file my_file_9.txt (compact mmCIF, N, CA and C atoms)
# COMPACT_ATOMS: atom_id res chain seq x y z
N MET A 229 -19.38 19.65 -33.55
CA MET A 229 -19.25 18.23 -33.39
C MET A 229 -17.90 17.87 -32.76
N LEU A 230 -16.82 18.42 -33.29
CA LEU A 230 -15.49 18.17 -32.74
C LEU A 230 -15.41 18.69 -31.31
N HIS A 231 -16.06 19.79 -31.06
CA HIS A 231 -16.09 20.38 -29.72
C HIS A 231 -16.74 19.41 -28.72
N ASP A 232 -17.80 18.77 -29.14
CA ASP A 232 -18.50 17.81 -28.25
C ASP A 232 -17.62 16.59 -27.96
N ILE A 233 -16.94 16.10 -28.96
CA ILE A 233 -16.07 14.93 -28.77
C ILE A 233 -14.93 15.27 -27.82
N LEU A 234 -14.35 16.46 -27.99
CA LEU A 234 -13.27 16.87 -27.09
C LEU A 234 -13.75 17.01 -25.66
N LEU A 235 -14.96 17.52 -25.46
CA LEU A 235 -15.51 17.65 -24.11
C LEU A 235 -15.73 16.27 -23.47
N VAL A 236 -16.20 15.31 -24.24
CA VAL A 236 -16.40 13.96 -23.72
C VAL A 236 -15.06 13.33 -23.34
N ILE A 237 -14.07 13.46 -24.19
CA ILE A 237 -12.74 12.91 -23.90
C ILE A 237 -12.14 13.58 -22.68
N LEU A 238 -12.27 14.89 -22.60
CA LEU A 238 -11.76 15.64 -21.44
C LEU A 238 -12.46 15.20 -20.16
N GLY A 239 -13.75 15.01 -20.22
CA GLY A 239 -14.51 14.55 -19.07
C GLY A 239 -14.07 13.16 -18.62
N LEU A 240 -13.82 12.26 -19.57
CA LEU A 240 -13.35 10.92 -19.24
C LEU A 240 -11.97 10.96 -18.58
N VAL A 241 -11.09 11.76 -19.12
CA VAL A 241 -9.73 11.86 -18.55
C VAL A 241 -9.79 12.41 -17.13
N ILE A 242 -10.56 13.47 -16.94
CA ILE A 242 -10.69 14.05 -15.59
C ILE A 242 -11.33 13.04 -14.64
N GLY A 243 -12.32 12.31 -15.09
CA GLY A 243 -12.96 11.30 -14.24
C GLY A 243 -12.02 10.18 -13.86
N ILE A 244 -11.20 9.75 -14.79
CA ILE A 244 -10.23 8.69 -14.51
C ILE A 244 -9.20 9.17 -13.49
N VAL A 245 -8.71 10.39 -13.65
CA VAL A 245 -7.71 10.92 -12.72
C VAL A 245 -8.30 11.06 -11.32
N ILE A 246 -9.49 11.63 -11.21
CA ILE A 246 -10.12 11.80 -9.91
C ILE A 246 -10.43 10.44 -9.28
N GLY A 247 -10.92 9.50 -10.05
CA GLY A 247 -11.19 8.16 -9.55
C GLY A 247 -9.94 7.47 -9.04
N PHE A 248 -8.84 7.62 -9.75
CA PHE A 248 -7.57 7.04 -9.32
C PHE A 248 -7.12 7.63 -8.00
N LEU A 249 -7.20 8.95 -7.87
CA LEU A 249 -6.75 9.60 -6.64
C LEU A 249 -7.62 9.20 -5.44
N ILE A 250 -8.92 9.11 -5.64
CA ILE A 250 -9.82 8.71 -4.55
C ILE A 250 -9.55 7.26 -4.16
N ALA A 251 -9.38 6.38 -5.13
CA ALA A 251 -9.10 4.98 -4.83
C ALA A 251 -7.77 4.83 -4.10
N ARG A 252 -6.80 5.62 -4.48
CA ARG A 252 -5.49 5.58 -3.83
C ARG A 252 -5.59 5.96 -2.35
N VAL A 253 -6.36 6.99 -2.06
CA VAL A 253 -6.54 7.42 -0.67
C VAL A 253 -7.22 6.32 0.14
N PHE A 254 -8.26 5.71 -0.40
CA PHE A 254 -8.97 4.66 0.32
C PHE A 254 -8.08 3.43 0.53
N ILE A 255 -7.29 3.05 -0.45
CA ILE A 255 -6.40 1.90 -0.32
C ILE A 255 -5.34 2.16 0.74
N LYS A 256 -4.75 3.35 0.75
CA LYS A 256 -3.75 3.67 1.76
C LYS A 256 -4.35 3.62 3.16
N LYS A 257 -5.57 4.15 3.29
CA LYS A 257 -6.24 4.14 4.59
C LYS A 257 -6.54 2.71 5.02
N TYR A 258 -6.96 1.87 4.09
CA TYR A 258 -7.27 0.47 4.39
C TYR A 258 -6.01 -0.28 4.86
N PHE A 259 -4.90 -0.09 4.15
CA PHE A 259 -3.68 -0.78 4.52
C PHE A 259 -3.10 -0.27 5.83
N LYS A 260 -3.36 0.98 6.15
CA LYS A 260 -2.90 1.50 7.43
C LYS A 260 -3.68 0.84 8.57
N LYS A 261 -4.99 0.63 8.37
CA LYS A 261 -5.83 -0.03 9.38
C LYS A 261 -5.56 -1.52 9.43
N ASN A 262 -5.42 -2.16 8.29
CA ASN A 262 -5.26 -3.61 8.18
C ASN A 262 -3.98 -3.94 7.43
N PRO A 263 -2.84 -3.86 8.10
CA PRO A 263 -1.59 -4.13 7.38
C PRO A 263 -1.56 -5.57 6.87
N PRO A 264 -1.03 -5.77 5.68
CA PRO A 264 -1.02 -7.10 5.10
C PRO A 264 -0.05 -8.05 5.80
N ILE A 265 0.89 -7.51 6.59
CA ILE A 265 1.84 -8.36 7.30
C ILE A 265 2.04 -7.77 8.69
N ASN A 266 2.15 -8.63 9.69
CA ASN A 266 2.35 -8.15 11.05
C ASN A 266 3.58 -8.83 11.65
N GLU A 267 3.86 -8.52 12.91
CA GLU A 267 5.08 -9.03 13.55
C GLU A 267 5.09 -10.55 13.64
N GLU A 268 3.95 -11.14 13.92
CA GLU A 268 3.90 -12.61 14.02
C GLU A 268 4.24 -13.27 12.69
N MET A 269 3.76 -12.69 11.60
CA MET A 269 4.07 -13.24 10.27
C MET A 269 5.57 -13.14 9.99
N ILE A 270 6.18 -12.02 10.37
CA ILE A 270 7.62 -11.84 10.14
C ILE A 270 8.40 -12.86 10.96
N LYS A 271 8.00 -13.04 12.22
CA LYS A 271 8.68 -14.02 13.06
C LYS A 271 8.56 -15.43 12.47
N THR A 272 7.38 -15.77 12.01
CA THR A 272 7.16 -17.09 11.43
C THR A 272 8.01 -17.29 10.18
N LEU A 273 8.04 -16.28 9.33
CA LEU A 273 8.84 -16.38 8.09
C LEU A 273 10.32 -16.55 8.41
N MET A 274 10.83 -15.78 9.38
CA MET A 274 12.24 -15.88 9.72
C MET A 274 12.56 -17.24 10.32
N MET A 275 11.65 -17.77 11.14
CA MET A 275 11.88 -19.09 11.74
C MET A 275 11.85 -20.18 10.67
N GLN A 276 11.02 -20.02 9.64
CA GLN A 276 10.97 -20.99 8.55
C GLN A 276 12.25 -20.97 7.73
N MET A 277 12.89 -19.80 7.70
CA MET A 277 14.15 -19.69 6.97
C MET A 277 15.33 -20.16 7.81
N GLY A 278 15.06 -20.59 9.04
CA GLY A 278 16.12 -21.12 9.88
C GLY A 278 16.80 -20.08 10.75
N ARG A 279 16.18 -18.93 10.93
CA ARG A 279 16.75 -17.88 11.76
C ARG A 279 15.89 -17.68 13.00
N LYS A 280 16.52 -17.41 14.10
CA LYS A 280 15.80 -17.10 15.33
C LYS A 280 15.74 -15.58 15.44
N PRO A 281 14.58 -14.99 15.14
CA PRO A 281 14.50 -13.52 15.13
C PRO A 281 14.46 -12.94 16.54
N ASN A 282 15.16 -11.83 16.72
CA ASN A 282 15.00 -11.09 17.97
C ASN A 282 14.11 -9.87 17.68
N GLN A 283 13.69 -9.18 18.71
CA GLN A 283 12.73 -8.09 18.55
C GLN A 283 13.30 -6.95 17.71
N LYS A 284 14.60 -6.71 17.81
CA LYS A 284 15.23 -5.64 17.03
C LYS A 284 15.11 -5.92 15.53
N GLN A 285 15.35 -7.18 15.13
CA GLN A 285 15.24 -7.54 13.72
C GLN A 285 13.80 -7.40 13.23
N VAL A 286 12.85 -7.82 14.07
CA VAL A 286 11.45 -7.73 13.69
C VAL A 286 11.05 -6.27 13.53
N ASN A 287 11.50 -5.42 14.45
CA ASN A 287 11.19 -3.99 14.37
C ASN A 287 11.78 -3.36 13.11
N GLN A 288 12.99 -3.78 12.75
CA GLN A 288 13.62 -3.25 11.53
C GLN A 288 12.83 -3.66 10.30
N MET A 289 12.37 -4.90 10.27
CA MET A 289 11.58 -5.37 9.12
C MET A 289 10.26 -4.61 9.04
N MET A 290 9.60 -4.42 10.18
CA MET A 290 8.32 -3.70 10.19
C MET A 290 8.52 -2.26 9.72
N LYS A 291 9.61 -1.64 10.15
CA LYS A 291 9.89 -0.26 9.74
C LYS A 291 10.15 -0.17 8.24
N SER A 292 10.89 -1.13 7.72
CA SER A 292 11.17 -1.11 6.27
C SER A 292 9.90 -1.39 5.47
N MET A 293 9.01 -2.23 6.00
CA MET A 293 7.74 -2.50 5.32
C MET A 293 6.85 -1.26 5.31
N SER A 294 6.84 -0.52 6.42
CA SER A 294 5.95 0.64 6.50
C SER A 294 6.38 1.77 5.57
N LYS A 295 7.65 1.79 5.17
CA LYS A 295 8.12 2.81 4.23
C LYS A 295 7.41 2.69 2.88
N TYR A 296 7.08 1.47 2.48
CA TYR A 296 6.52 1.23 1.17
C TYR A 296 5.01 1.26 1.15
N MET A 297 4.39 1.53 2.27
CA MET A 297 2.92 1.55 2.31
C MET A 297 2.39 2.92 2.56
call {"tool": "encode", "arguments": {"input": "my_file_9.txt", "output": "structure tokens"}}
result
Amino acid sequence: MLHDILLVILGLVIGIVIGFLIARVFIKKYFKKNPPINEEMIKTLMMQMGRKPNQKQVNQMMKSMSKYM
């Protein structure tokens, strides 16, 4: 009886870990295809803050954003 309970718990833990890893891969792939923020959004945000962005600043922001995705 204890053996059966341990097998069920082990199966659940393994399933959760595998499900998490698969979901993580799909989410990373999705964000790579469809980034949540693009250059136009960065330019708009900077202009709303009262700054006139140049291309170098926009590229730096995009590079720093891509590090975290």
call {"tool": "atom_distance", "arguments": {"input": "my_file_9.txt", "atom1": "atom CA of Met290 of chain A", "atom2": "atom CA of Phe248 of chain A"}}
result
27.4 Å
call {"tool": "atom_distance", "arguments": {"input": "my_file_9.txt", "atom1": "atom CA of Asn262 of chain A", "atom2": "atom CA of Ser294 of chain A"}}
result
12.1 Å
call {"tool": "atom_distance", "arguments": {"input": "my_file_9.txt", "atom1": "atom CA of Ile255 of chain A", "atom2": "atom CA of Gly243 of chain A"}}
result
18.0 Å
call {"tool": "select_by_dssp", "arguments": {"input": "my_file_9.txt", "residues": "segment 230-279 of chain A", "states": "alpha helix (DSSP H)", "output": "PyMOL selection string"}}
result
chain A and resi 230-261+267-276
call {"tool": "decode", "arguments": {"input": "my_file_9.txt", "residues": "segment 235-281 of chain A", "atoms": "N, CA and C atoms", "output": "PDB file, in the first residue's frame"}}
result
ATOM      1  N   LEU A 235       4.629   5.577  -5.419  1.00  0.00           N
ATOM      2  CA  LEU A 235       4.687   5.591  -6.881  1.00  0.00           C
ATOM      3  C   LEU A 235       3.785   6.684  -7.468  1.00  0.00           C
ATOM      4  N   VAL A 236       2.616   6.871  -6.892  1.00  0.00           N
ATOM      5  CA  VAL A 236       1.706   7.917  -7.366  1.00  0.00           C
ATOM      6  C   VAL A 236       2.323   9.297  -7.127  1.00  0.00           C
ATOM      7  N   ILE A 237       2.871   9.516  -5.953  1.00  0.00           N
ATOM      8  CA  ILE A 237       3.500  10.803  -5.635  1.00  0.00           C
ATOM      9  C   ILE A 237       4.699  11.047  -6.543  1.00  0.00           C
ATOM     10  N   LEU A 238       5.505  10.027  -6.755  1.00  0.00           N
ATOM     11  CA  LEU A 238       6.665  10.145  -7.647  1.00  0.00           C
ATOM     12  C   LEU A 238       6.222  10.462  -9.071  1.00  0.00           C
ATOM     13  N   GLY A 239       5.183   9.815  -9.529  1.00  0.00           N
ATOM     14  CA  GLY A 239       4.656  10.079 -10.865  1.00  0.00           C
ATOM     15  C   GLY A 239       4.153  11.510 -11.007  1.00  0.00           C
ATOM     16  N   LEU A 240       3.475  12.017  -9.976  1.00  0.00           N
ATOM     17  CA  LEU A 240       3.000  13.398 -10.005  1.00  0.00           C
ATOM     18  C   LEU A 240       4.154  14.390 -10.037  1.00  0.00           C
ATOM     19  N   VAL A 241       5.163  14.151  -9.235  1.00  0.00           N
ATOM     20  CA  VAL A 241       6.316  15.061  -9.205  1.00  0.00           C
ATOM     21  C   VAL A 241       7.027  15.063 -10.560  1.00  0.00           C
ATOM     22  N   ILE A 242       7.248  13.891 -11.116  1.00  0.00           N
ATOM     23  CA  ILE A 242       7.904  13.803 -12.428  1.00  0.00           C
ATOM     24  C   ILE A 242       7.043  14.485 -13.494  1.00  0.00           C
ATOM     25  N   GLY A 243       5.743  14.296 -13.448  1.00  0.00           N
ATOM     26  CA  GLY A 243       4.847  14.936 -14.413  1.00  0.00           C
ATOM     27  C   GLY A 243       4.861  16.446 -14.304  1.00  0.00           C
ATOM     28  N   ILE A 244       4.893  16.956 -13.094  1.00  0.00           N
ATOM     29  CA  ILE A 244       4.938  18.403 -12.884  1.00  0.00           C
ATOM     30  C   ILE A 244       6.245  18.982 -13.424  1.00  0.00           C
ATOM     31  N   VAL A 245       7.353  18.311 -13.156  1.00  0.00           N
ATOM     32  CA  VAL A 245       8.653  18.801 -13.626  1.00  0.00           C
ATOM     33  C   VAL A 245       8.713  18.790 -15.152  1.00  0.00           C
ATOM     34  N   ILE A 246       8.296  17.702 -15.765  1.00  0.00           N
ATOM     35  CA  ILE A 246       8.312  17.616 -17.224  1.00  0.00           C
ATOM     36  C   ILE A 246       7.357  18.640 -17.834  1.00  0.00           C
ATOM     37  N   GLY A 247       6.183  18.809 -17.274  1.00  0.00           N
ATOM     38  CA  GLY A 247       5.231  19.802 -17.763  1.00  0.00           C
ATOM     39  C   GLY A 247       5.781  21.217 -17.671  1.00  0.00           C
ATOM     40  N   PHE A 248       6.457  21.521 -16.579  1.00  0.00           N
ATOM     41  CA  PHE A 248       7.063  22.840 -16.414  1.00  0.00           C
ATOM     42  C   PHE A 248       8.121  23.093 -17.471  1.00  0.00           C
ATOM     43  N   LEU A 249       8.984  22.104 -17.706  1.00  0.00           N
ATOM     44  CA  LEU A 249      10.059  22.277 -18.683  1.00  0.00           C
ATOM     45  C   LEU A 249       9.507  22.445 -20.105  1.00  0.00           C
ATOM     46  N   ILE A 250       8.495  21.676 -20.449  1.00  0.00           N
ATOM     47  CA  ILE A 250       7.891  21.791 -21.783  1.00  0.00           C
ATOM     48  C   ILE A 250       7.213  23.152 -21.934  1.00  0.00           C
ATOM     49  N   ALA A 251       6.487  23.595 -20.930  1.00  0.00           N
ATOM     50  CA  ALA A 251       5.826  24.897 -20.991  1.00  0.00           C
ATOM     51  C   ALA A 251       6.845  26.023 -21.109  1.00  0.00           C
ATOM     52  N   ARG A 252       7.950  25.886 -20.416  1.00  0.00           N
ATOM     53  CA  ARG A 252       9.006  26.900 -20.466  1.00  0.00           C
ATOM     54  C   ARG A 252       9.581  27.024 -21.873  1.00  0.00           C
ATOM     55  N   VAL A 253       9.813  25.897 -22.523  1.00  0.00           N
ATOM     56  CA  VAL A 253      10.344  25.916 -23.889  1.00  0.00           C
ATOM     57  C   VAL A 253       9.355  26.589 -24.831  1.00  0.00           C
ATOM     58  N   PHE A 254       8.076  26.250 -24.731  1.00  0.00           N
ATOM     59  CA  PHE A 254       7.071  26.843 -25.607  1.00  0.00           C
ATOM     60  C   PHE A 254       6.926  28.349 -25.362  1.00  0.00           C
ATOM     61  N   ILE A 255       6.969  28.783 -24.116  1.00  0.00           N
ATOM     62  CA  ILE A 255       6.844  30.204 -23.799  1.00  0.00           C
ATOM     63  C   ILE A 255       8.044  30.979 -24.343  1.00  0.00           C
ATOM     64  N   LYS A 256       9.248  30.442 -24.183  1.00  0.00           N
ATOM     65  CA  LYS A 256      10.429  31.120 -24.717  1.00  0.00           C
ATOM     66  C   LYS A 256      10.343  31.244 -26.231  1.00  0.00           C
ATOM     67  N   LYS A 257       9.894  30.170 -26.888  1.00  0.00           N
ATOM     68  CA  LYS A 257       9.762  30.193 -28.340  1.00  0.00           C
ATOM     69  C   LYS A 257       8.717  31.216 -28.765  1.00  0.00           C
ATOM     70  N   TYR A 258       7.613  31.293 -28.037  1.00  0.00           N
ATOM     71  CA  TYR A 258       6.552  32.249 -28.353  1.00  0.00           C
ATOM     72  C   TYR A 258       7.044  33.692 -28.212  1.00  0.00           C
ATOM     73  N   PHE A 259       7.755  33.982 -27.128  1.00  0.00           N
ATOM     74  CA  PHE A 259       8.242  35.340 -26.917  1.00  0.00           C
ATOM     75  C   PHE A 259       9.331  35.718 -27.904  1.00  0.00           C
ATOM     76  N   LYS A 260      10.074  34.738 -28.383  1.00  0.00           N
ATOM     77  CA  LYS A 260      11.079  35.034 -29.395  1.00  0.00           C
ATOM     78  C   LYS A 260      10.398  35.420 -30.709  1.00  0.00           C
ATOM     79  N   LYS A 261       9.295  34.743 -31.047  1.00  0.00           N
ATOM     80  CA  LYS A 261       8.542  35.053 -32.265  1.00  0.00           C
ATOM     81  C   LYS A 261       7.751  36.341 -32.111  1.00  0.00           C
ATOM     82  N   ASN A 262       7.112  36.523 -30.973  1.00  0.00           N
ATOM     83  CA  ASN A 262       6.227  37.668 -30.720  1.00  0.00           C
ATOM     84  C   ASN A 262       6.699  38.425 -29.487  1.00  0.00           C
ATOM     85  N   PRO A 263       7.721  39.250 -29.638  1.00  0.00           N
ATOM     86  CA  PRO A 263       8.216  39.966 -28.455  1.00  0.00           C
ATOM     87  C   PRO A 263       7.145  40.890 -27.889  1.00  0.00           C
ATOM     88  N   PRO A 264       7.062  40.972 -26.574  1.00  0.00           N
ATOM     89  CA  PRO A 264       6.025  41.783 -25.952  1.00  0.00           C
ATOM     90  C   PRO A 264       6.255  43.282 -26.139  1.00  0.00           C
ATOM     91  N   ILE A 265       7.472  43.688 -26.505  1.00  0.00           N
ATOM     92  CA  ILE A 265       7.759  45.100 -26.708  1.00  0.00           C
ATOM     93  C   ILE A 265       8.659  45.223 -27.930  1.00  0.00           C
ATOM     94  N   ASN A 266       8.427  46.244 -28.739  1.00  0.00           N
ATOM     95  CA  ASN A 266       9.248  46.440 -29.927  1.00  0.00           C
ATOM     96  C   ASN A 266       9.817  47.859 -29.917  1.00  0.00           C
ATOM     97  N   GLU A 267      10.553  48.202 -30.976  1.00  0.00           N
ATOM     98  CA  GLU A 267      11.228  49.496 -31.023  1.00  0.00           C
ATOM     99  C   GLU A 267      10.243  50.661 -31.000  1.00  0.00           C
ATOM    100  N   GLU A 268       9.132  50.517 -31.693  1.00  0.00           N
ATOM    101  CA  GLU A 268       8.146  51.603 -31.712  1.00  0.00           C
ATOM    102  C   GLU A 268       7.585  51.872 -30.322  1.00  0.00           C
ATOM    103  N   MET A 269       7.351  50.810 -29.556  1.00  0.00           N
ATOM    104  CA  MET A 269       6.846  50.982 -28.190  1.00  0.00           C
ATOM    105  C   MET A 269       7.876  51.707 -27.322  1.00  0.00           C
ATOM    106  N   ILE A 270       9.152  51.355 -27.486  1.00  0.00           N
ATOM    107  CA  ILE A 270      10.205  52.002 -26.700  1.00  0.00           C
ATOM    108  C   ILE A 270      10.286  53.481 -27.058  1.00  0.00           C
ATOM    109  N   LYS A 271      10.227  53.779 -28.360  1.00  0.00           N
ATOM    110  CA  LYS A 271      10.270  55.178 -28.789  1.00  0.00           C
ATOM    111  C   LYS A 271       9.092  55.959 -28.210  1.00  0.00           C
ATOM    112  N   THR A 272       7.917  55.366 -28.256  1.00  0.00           N
ATOM    113  CA  THR A 272       6.728  56.031 -27.732  1.00  0.00           C
ATOM    114  C   THR A 272       6.846  56.284 -26.231  1.00  0.00           C
ATOM    115  N   LEU A 273       7.325  55.282 -25.506  1.00  0.00           N
ATOM    116  CA  LEU A 273       7.483  55.435 -24.053  1.00  0.00           C
ATOM    117  C   LEU A 273       8.482  56.539 -23.717  1.00  0.00           C
ATOM    118  N   MET A 274       9.601  56.576 -24.444  1.00  0.00           N
ATOM    119  CA  MET A 274      10.611  57.593 -24.169  1.00  0.00           C
ATOM    120  C   MET A 274      10.086  58.986 -24.502  1.00  0.00           C
ATOM    121  N   MET A 275       9.320  59.100 -25.587  1.00  0.00           N
ATOM    122  CA  MET A 275       8.758  60.405 -25.949  1.00  0.00           C
ATOM    123  C   MET A 275       7.724  60.858 -24.921  1.00  0.00           C
ATOM    124  N   GLN A 276       6.974  59.920 -24.341  1.00  0.00           N
ATOM    125  CA  GLN A 276       6.003  60.264 -23.307  1.00  0.00           C
ATOM    126  C   GLN A 276       6.687  60.738 -22.033  1.00  0.00           C
ATOM    127  N   MET A 277       7.902  60.239 -21.816  1.00  0.00           N
ATOM    128  CA  MET A 277       8.664  60.674 -20.639  1.00  0.00           C
ATOM    129  C   MET A 277       9.388  61.986 -20.901  1.00  0.00           C
ATOM    130  N   GLY A 278       9.241  62.535 -22.095  1.00  0.00           N
ATOM    131  CA  GLY A 278       9.853  63.820 -22.396  1.00  0.00           C
ATOM    132  C   GLY A 278      11.249  63.725 -22.973  1.00  0.00           C
ATOM    133  N   ARG A 279      11.632  62.563 -23.463  1.00  0.00           N
ATOM    134  CA  ARG A 279      12.956  62.384 -24.051  1.00  0.00           C
ATOM    135  C   ARG A 279      12.819  62.129 -25.543  1.00  0.00           C
ATOM    136  N   LYS A 280      13.730  62.646 -26.307  1.00  0.00           N
ATOM    137  CA  LYS A 280      13.766  62.387 -27.741  1.00  0.00           C
ATOM    138  C   LYS A 280      14.764  61.255 -27.963  1.00  0.00           C
ATOM    139  N   PRO A 281      14.282  60.035 -28.203  1.00  0.00           N
ATOM    140  CA  PRO A 281      15.202  58.897 -28.317  1.00  0.00           C
ATOM    141  C   PRO A 281      15.931  58.887 -29.653  1.00  0.00           C
TER     142      PRO A 281
END
